[in-house]
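K.L.:
Before I ask anything, let me first share the structure, which is written out below as structure tokens.
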There are 4 protein chains.
Amino acid sequence: MGKNRLEAFSDGVIAIIITIMVLELKVPHGATLAALEALTPVLLGYVLSFVYVGIYWNNHHHMLNASARVNGKVLWANLHLLFWLSLIPFVTAWMGENHFKPAPTVAYGFVLFMCATAYSLLVRRLIAHHDKNAALAEAIGDDRKGKISIVLYLAGIALTWFAAWLGFLAYVCVAVMWLIPDRRIERKVVEEEREEASRAGEASPP
Amino acid sequence: MGKNRLEAFSDGVIAIIITIMVLELKVPHGATLAALEALTPVLLGYVLSFVYVGIYWNNHHHMLNASARVNGKVLWANLHLLFWLSLIPFVTAWMGENHFKPAPTVAYGFVLFMCATAYSLLVRRLIAHHDKNAALAEAIGDDRKGKISIVLYLAGIALTWFAAWLGFLAYVCVAVMWLIPDRRIERKVVEEEREEASRAGEASPP
Amino acid sequence: MGKNRLEAFSDGVIAIIITIMVLELKVPHGATLAALEALTPVLLGYVLSFVYVGIYWNNHHHMLNASARVNGKVLWANLHLLFWLSLIPFVTAWMGENHFKPAPTVAYGFVLFMCATAYSLLVRRLIAHHDKNAALAEAIGDDRKGKISIVLYLAGIALTWFAAWLGFLAYVCVAVMWLIPDRRIERKVVEEEREEASRAGEASPP
Amino acid sequence: MGKNRLEAFSDGVIAIIITIMVLELKVPHGATLAALEALTPVLLGYVLSFVYVGIYWNNHHHMLNASARVNGKVLWANLHLLFWLSLIPFVTAWMGENHFKPAPTVAYGFVLFMCATAYSLLVRRLIAHHDKNAALAEAIGDDRKGKISIVLYLAGIALTWFAAWLGFLAYVCVAVMWLIPDRRIERKVVEEEREEASRAGEASPP
């Protein structure tokens, strides 16, 4: 089964998720810059969530680039990931409007935690479907970053009960860690292309 | 006529339908987990509808994979299906906000019933357009699952007048039945590819 | 310049337009079927607008199928069409919520009239860009349907001041007229493919 | 890395941005044309923002047409642009609802200014990634239009504190300047195609 429609559908859903968050930025009634200031926590949450969804789109893009095909199980693992991503606008709005109070910040962390779990499930499904194609499995490696993220989310959720900004900080750390680009898959793909090219080069001229 | 734009447009509409449902999850005013608890019925409805739309996207994907081309009638049958799917966010919100009272639960079942009917109309249009291509027709077979679904929807609508949760249960059953993946078309396509490959294998070497 | 991204972008915008209209179906507060009844005019407007946007997508699809390439002017003529289409959800909601009172019904007709004008501008731009490719120009022909539509819209707007339902009826007539599929372009494309195939058939075997 | 998904994702996000702005056109309660008149400033802002987003889509389209491939840095520069574009609906609504009062008009200009900055960053990233492919760099040239825009935005923001309509006028000027089509890249691409074609023509016949 081709992966084109899976990519197209995921692009559509992620594009909508990243965009409808802006609908939660309720237009302030006043016409002064002070009225905008009251929106700061909502804006802050928006920026973080935008970056998160961007990271997921980016990694999703890389991962499917390294995959050759999909099957029914991959489709559902992907829908499962999209489900948790679709809750991000909701928890972002709840957290922002309540100025990072504990309960909404915990809920935000929980949704991020579930997204990370769903993503790693999807990766495993893809690897299982590509048993002969070692490129993807090798590229992901031991997925250290993924494991650190999950620990940081749980730490963030726990810390939130002491001070919500500590939890928020933990989530920011995860985002920053991922923003440092994950060159593993990209490098892997480039290497293979080079190898293939060199093999092709050896094969064709003589 | 090519099927690419039909797929792209359907992907777009279904991606939006599955995502805007989250806009009906109104952000609670309180900042406690108890405030979130009040949202449980809305969340429950959201999960069920997400799964339903996911099933439709999945089956739509499989069906068009097995189709070679479309015509004007198929375009309109597809728009008819999209129309009923587009009402799912509305009835989901109505049902969730009213905690599964009879009337909204009946309306929800009715929209699901119309979606199923529209889908089977679309299948028939596609088969009619592919009279020589027996793969699709054979793959769908007698469409037992489709018929059972329609009976279960009608049963669900009837049961709702006695106890709304019984109706909801019927709709959940249909979803579970479809989640068990419909390998018919997938298997069919794989078989044909194999046959073609073997035929091509026989043809080319000598 | 290729037409792929123009198609993809238009598909995206039209998919969103056709779907966000459902957001104007405000969830009723009551949980009875009577509460749903009060929504009838809004639903009626939704159905008509859904059909209209569907017709535009359909014709847009056909027209670009018959076009080989686009230029900057076509991009802007297309954006102009999308602008007027994007106002359909707004006027639909205004008309529906006011139970087809004159002013909103006139505004609805005006937006439809502007859509039709923008569409015919786009067609002319495309024909101008394909001066050697007579297929498109010939297929559109004298565009009788387009001209009748514009007259009917103006008639509908005028009639609305006497009785709003008369105006609404005029808009319904236009939709029905277009629903009878416009086979002109489709037929033309099929013919050309056949001619090409026969020419190719003549050319290759000897 | 291919540019297809980058294009598809950007098309999706821009399509949603351009369309959800219409959701800020709140349906007026009255059913008279006077009720519509009160919406004039909101409509005016909508038209300007629609044109702006259209210009960005148009230029984005041209620029990626002239690019051969993308990398991780380009993906993030693109997401950065999309972030600022996603704020346009918010500031448009704020400005429109407050009838072009100074603070919202300044905010509108600031977001436009950041969009322009993000766009020029994206252009630079793309050029850096195509060091051997001079077509893009040469086509953009000294980017005079881009620089004039940034000056006009800053002038607009400054002027707003004296009279908001002066600021608005400055933003309109930038839009008009860009509407005059930017043929640089288009011409460049055409020229190269011709050169390549002529080279191919020279190479193949003898």
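The chains in the structure tokens are called A, B, ... from first to last as shown; in each chain the residues are counted from 1, and the ligands are counted from 1 in the order shown.
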When the cut-off is 12 Å and we count only C-alpha atoms, which residues of chain D are near chain B, given as a list in words?

P.N.:
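Result: Ala8, Phe9, Asp11, Gly12, Val13, Ala15, Ile16 and Ile20 of chain D.
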
K.L.:
Can you work out the spacing between CA of Leu43 (chain A) and CA of Lys147 (chain D) in Å, to one decimal?

P.N.:
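Pair CA of Leu43 (chain A) / CA of Lys147 (chain D) returns 28.5 Å.
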
K.L.:
Skip region 34-37 of chain C itself and residues of its chain fewer than 3 positions away, then list as an mmCIF file with C-alpha atoms, in the first residue's frame all residues within 12 Å of it, counting only C-alpha atoms.

P.N.:
```
data_model
loop_
_atom_site.group_PDB
_atom_site.id
_atom_site.type_symbol
_atom_site.label_atom_id
_atom_site.label_comp_id
_atom_site.auth_asym_id
_atom_site.auth_seq_id
_atom_site.Cartn_x
_atom_site.Cartn_y
_atom_site.Cartn_z
ATOM 1 C CA PHE B 90 -22.680 18.733 14.994
ATOM 2 C CA VAL B 91 -24.510 15.660 16.326
ATOM 3 C CA TRP B 94 -25.294 17.891 20.664
ATOM 4 C CA ALA B 103 -33.261 12.819 21.013
ATOM 5 C CA PRO B 104 -29.603 13.749 20.407
ATOM 6 C CA VAL B 106 -31.196 9.236 17.968
ATOM 7 C CA ALA B 107 -29.947 12.104 15.781
ATOM 8 C CA LEU C 25 -24.899 25.010 12.938
ATOM 9 C CA LYS C 26 -24.930 26.074 16.579
ATOM 10 C CA VAL C 27 -25.700 23.149 18.871
ATOM 11 C CA PRO C 28 -29.253 23.688 20.255
ATOM 12 C CA HIS C 29 -29.616 23.918 24.015
ATOM 13 C CA GLY C 30 -32.676 21.692 24.324
ATOM 14 C CA ALA C 31 -32.387 17.933 23.985
ATOM 15 C CA THR C 40 -34.525 23.874 9.868
ATOM 16 C CA PRO C 41 -33.868 27.152 7.991
ATOM 17 C CA VAL C 42 -30.180 27.043 8.944
ATOM 18 C CA LEU C 43 -29.976 23.417 7.779
ATOM 19 C CA LEU C 44 -31.753 24.270 4.539
#
```

K.L.:
Quick check for you: according to DSSP on this backbone, which residues of region 49-175 of chain B are classed as helix (DSSP H, G or I)? Reply as a VMD selection string.

P.N.:
chain B and resid 49 to 65 72 to 86 88 to 97 102 to 129 134 to 140 144 to 160 164 to 175

K.L.:
I need the chosen residues saved as an mmCIF file, in the first residue's frame, with C-alpha atoms.

P.N.:
```
data_model
loop_
_atom_site.group_PDB
_atom_site.id
_atom_site.type_symbol
_atom_site.label_atom_id
_atom_site.label_comp_id
_atom_site.auth_asym_id
_atom_site.auth_seq_id
_atom_site.Cartn_x
_atom_site.Cartn_y
_atom_site.Cartn_z
ATOM 1 C CA SER B 49 -16.714 10.032 16.407
ATOM 2 C CA PHE B 50 -12.960 10.250 15.853
ATOM 3 C CA VAL B 51 -12.859 6.470 15.472
ATOM 4 C CA TYR B 52 -15.844 6.559 13.084
ATOM 5 C CA VAL B 53 -14.348 9.224 10.844
ATOM 6 C CA GLY B 54 -11.053 7.328 10.987
ATOM 7 C CA ILE B 55 -12.803 4.151 9.827
ATOM 8 C CA TYR B 56 -14.431 6.011 6.941
ATOM 9 C CA TRP B 57 -11.136 7.540 5.874
ATOM 10 C CA ASN B 58 -9.470 4.136 6.089
ATOM 11 C CA ASN B 59 -12.122 2.361 4.022
ATOM 12 C CA HIS B 60 -12.316 5.249 1.548
ATOM 13 C CA HIS B 61 -8.572 4.913 1.120
ATOM 14 C CA HIS B 62 -8.786 1.142 0.512
ATOM 15 C CA MET B 63 -11.709 1.430 -1.873
ATOM 16 C CA LEU B 64 -10.121 4.098 -4.077
ATOM 17 C CA ASN B 65 -6.870 2.145 -4.032
ATOM 18 C CA GLY B 72 -19.059 12.645 -12.611
ATOM 19 C CA LYS B 73 -21.513 10.350 -10.825
ATOM 20 C CA VAL B 74 -18.772 9.084 -8.517
ATOM 21 C CA LEU B 75 -17.811 12.692 -7.704
ATOM 22 C CA TRP B 76 -21.348 13.458 -6.605
ATOM 23 C CA ALA B 77 -21.778 10.209 -4.681
ATOM 24 C CA ASN B 78 -18.562 11.139 -2.899
ATOM 25 C CA LEU B 79 -19.810 14.662 -2.113
ATOM 26 C CA HIS B 80 -23.023 13.112 -0.778
ATOM 27 C CA LEU B 81 -20.962 10.964 1.598
ATOM 28 C CA LEU B 82 -18.916 13.996 2.661
ATOM 29 C CA PHE B 83 -22.122 15.895 3.388
ATOM 30 C CA TRP B 84 -23.312 13.329 5.926
ATOM 31 C CA LEU B 85 -19.840 12.980 7.409
ATOM 32 C CA SER B 86 -19.753 16.763 7.845
ATOM 33 C CA ILE B 88 -20.958 14.231 12.568
ATOM 34 C CA PRO B 89 -19.283 17.084 14.530
ATOM 35 C CA PHE B 90 -22.680 18.733 14.994
ATOM 36 C CA VAL B 91 -24.510 15.660 16.326
ATOM 37 C CA THR B 92 -21.480 14.642 18.400
ATOM 38 C CA ALA B 93 -21.521 17.988 20.181
ATOM 39 C CA TRP B 94 -25.294 17.891 20.664
ATOM 40 C CA MET B 95 -25.175 14.371 22.099
ATOM 41 C CA GLY B 96 -22.187 15.086 24.357
ATOM 42 C CA GLU B 97 -23.508 18.333 25.767
ATOM 43 C CA PRO B 102 -32.645 10.214 23.753
ATOM 44 C CA ALA B 103 -33.261 12.819 21.013
ATOM 45 C CA PRO B 104 -29.603 13.749 20.407
ATOM 46 C CA THR B 105 -28.563 10.092 20.574
ATOM 47 C CA VAL B 106 -31.196 9.236 17.968
ATOM 48 C CA ALA B 107 -29.947 12.104 15.781
ATOM 49 C CA TYR B 108 -26.388 10.790 16.132
ATOM 50 C CA GLY B 109 -27.506 7.317 15.068
ATOM 51 C CA PHE B 110 -29.465 8.758 12.161
ATOM 52 C CA VAL B 111 -26.416 10.619 10.804
ATOM 53 C CA LEU B 112 -24.290 7.453 11.147
ATOM 54 C CA PHE B 113 -27.013 5.525 9.334
ATOM 55 C CA MET B 114 -27.038 8.079 6.491
ATOM 56 C CA CYS B 115 -23.219 7.957 6.288
ATOM 57 C CA ALA B 116 -23.363 4.174 5.911
ATOM 58 C CA THR B 117 -26.053 4.477 3.236
ATOM 59 C CA ALA B 118 -24.095 7.155 1.363
ATOM 60 C CA TYR B 119 -20.971 5.024 1.539
ATOM 61 C CA SER B 120 -22.699 1.980 0.069
ATOM 62 C CA LEU B 121 -24.146 4.194 -2.700
ATOM 63 C CA LEU B 122 -20.624 5.384 -3.491
ATOM 64 C CA VAL B 123 -19.374 1.789 -3.587
ATOM 65 C CA ARG B 124 -22.138 0.846 -6.004
ATOM 66 C CA ARG B 125 -21.346 3.833 -8.265
ATOM 67 C CA LEU B 126 -17.690 2.844 -8.322
ATOM 68 C CA ILE B 127 -18.499 -0.777 -9.146
ATOM 69 C CA ALA B 128 -20.876 0.328 -11.916
ATOM 70 C CA HIS B 129 -18.065 2.414 -13.393
ATOM 71 C CA ALA B 134 -14.067 -7.308 -11.286
ATOM 72 C CA ALA B 135 -11.462 -6.834 -8.531
ATOM 73 C CA LEU B 136 -13.438 -4.155 -6.707
ATOM 74 C CA ALA B 137 -16.806 -5.915 -6.998
ATOM 75 C CA GLU B 138 -15.397 -9.221 -5.913
ATOM 76 C CA ALA B 139 -13.439 -7.643 -3.074
ATOM 77 C CA ILE B 140 -16.538 -5.978 -1.639
ATOM 78 C CA ARG B 144 -22.093 -8.429 4.899
ATOM 79 C CA LYS B 145 -20.434 -5.980 7.317
ATOM 80 C CA GLY B 146 -22.178 -3.040 5.641
ATOM 81 C CA LYS B 147 -25.571 -4.712 5.973
ATOM 82 C CA ILE B 148 -25.022 -5.695 9.621
ATOM 83 C CA SER B 149 -24.016 -2.078 10.356
ATOM 84 C CA ILE B 150 -27.248 -0.717 8.930
ATOM 85 C CA VAL B 151 -29.301 -3.166 10.988
ATOM 86 C CA LEU B 152 -27.330 -2.250 14.113
ATOM 87 C CA TYR B 153 -27.855 1.476 13.510
ATOM 88 C CA LEU B 154 -31.613 0.975 13.180
ATOM 89 C CA ALA B 155 -31.596 -1.232 16.304
ATOM 90 C CA GLY B 156 -29.581 1.435 18.113
ATOM 91 C CA ILE B 157 -32.043 4.158 17.147
ATOM 92 C CA ALA B 158 -34.966 2.026 18.354
ATOM 93 C CA LEU B 159 -33.234 1.047 21.609
ATOM 94 C CA THR B 160 -32.423 4.673 22.404
ATOM 95 C CA ALA B 164 -30.006 5.976 25.519
ATOM 96 C CA TRP B 165 -26.910 4.086 26.659
ATOM 97 C CA LEU B 166 -28.213 0.992 24.842
ATOM 98 C CA GLY B 167 -28.284 2.964 21.589
ATOM 99 C CA PHE B 168 -24.800 4.292 22.228
ATOM 100 C CA LEU B 169 -23.648 0.719 22.869
ATOM 101 C CA ALA B 170 -25.004 -0.350 19.489
ATOM 102 C CA TYR B 171 -22.999 2.400 17.757
ATOM 103 C CA VAL B 172 -19.878 1.340 19.659
ATOM 104 C CA CYS B 173 -20.417 -2.253 18.484
ATOM 105 C CA VAL B 174 -20.463 -1.163 14.844
ATOM 106 C CA ALA B 175 -17.225 0.773 15.323
#
```

K.L.:
What gap, in Å, lies between CA of Leu33 (chain B) and CA of Met21 (chain B)?

P.N.:
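We find that CA of Leu33 (chain B) and CA of Met21 (chain B) lie 21.6 Å from each other.
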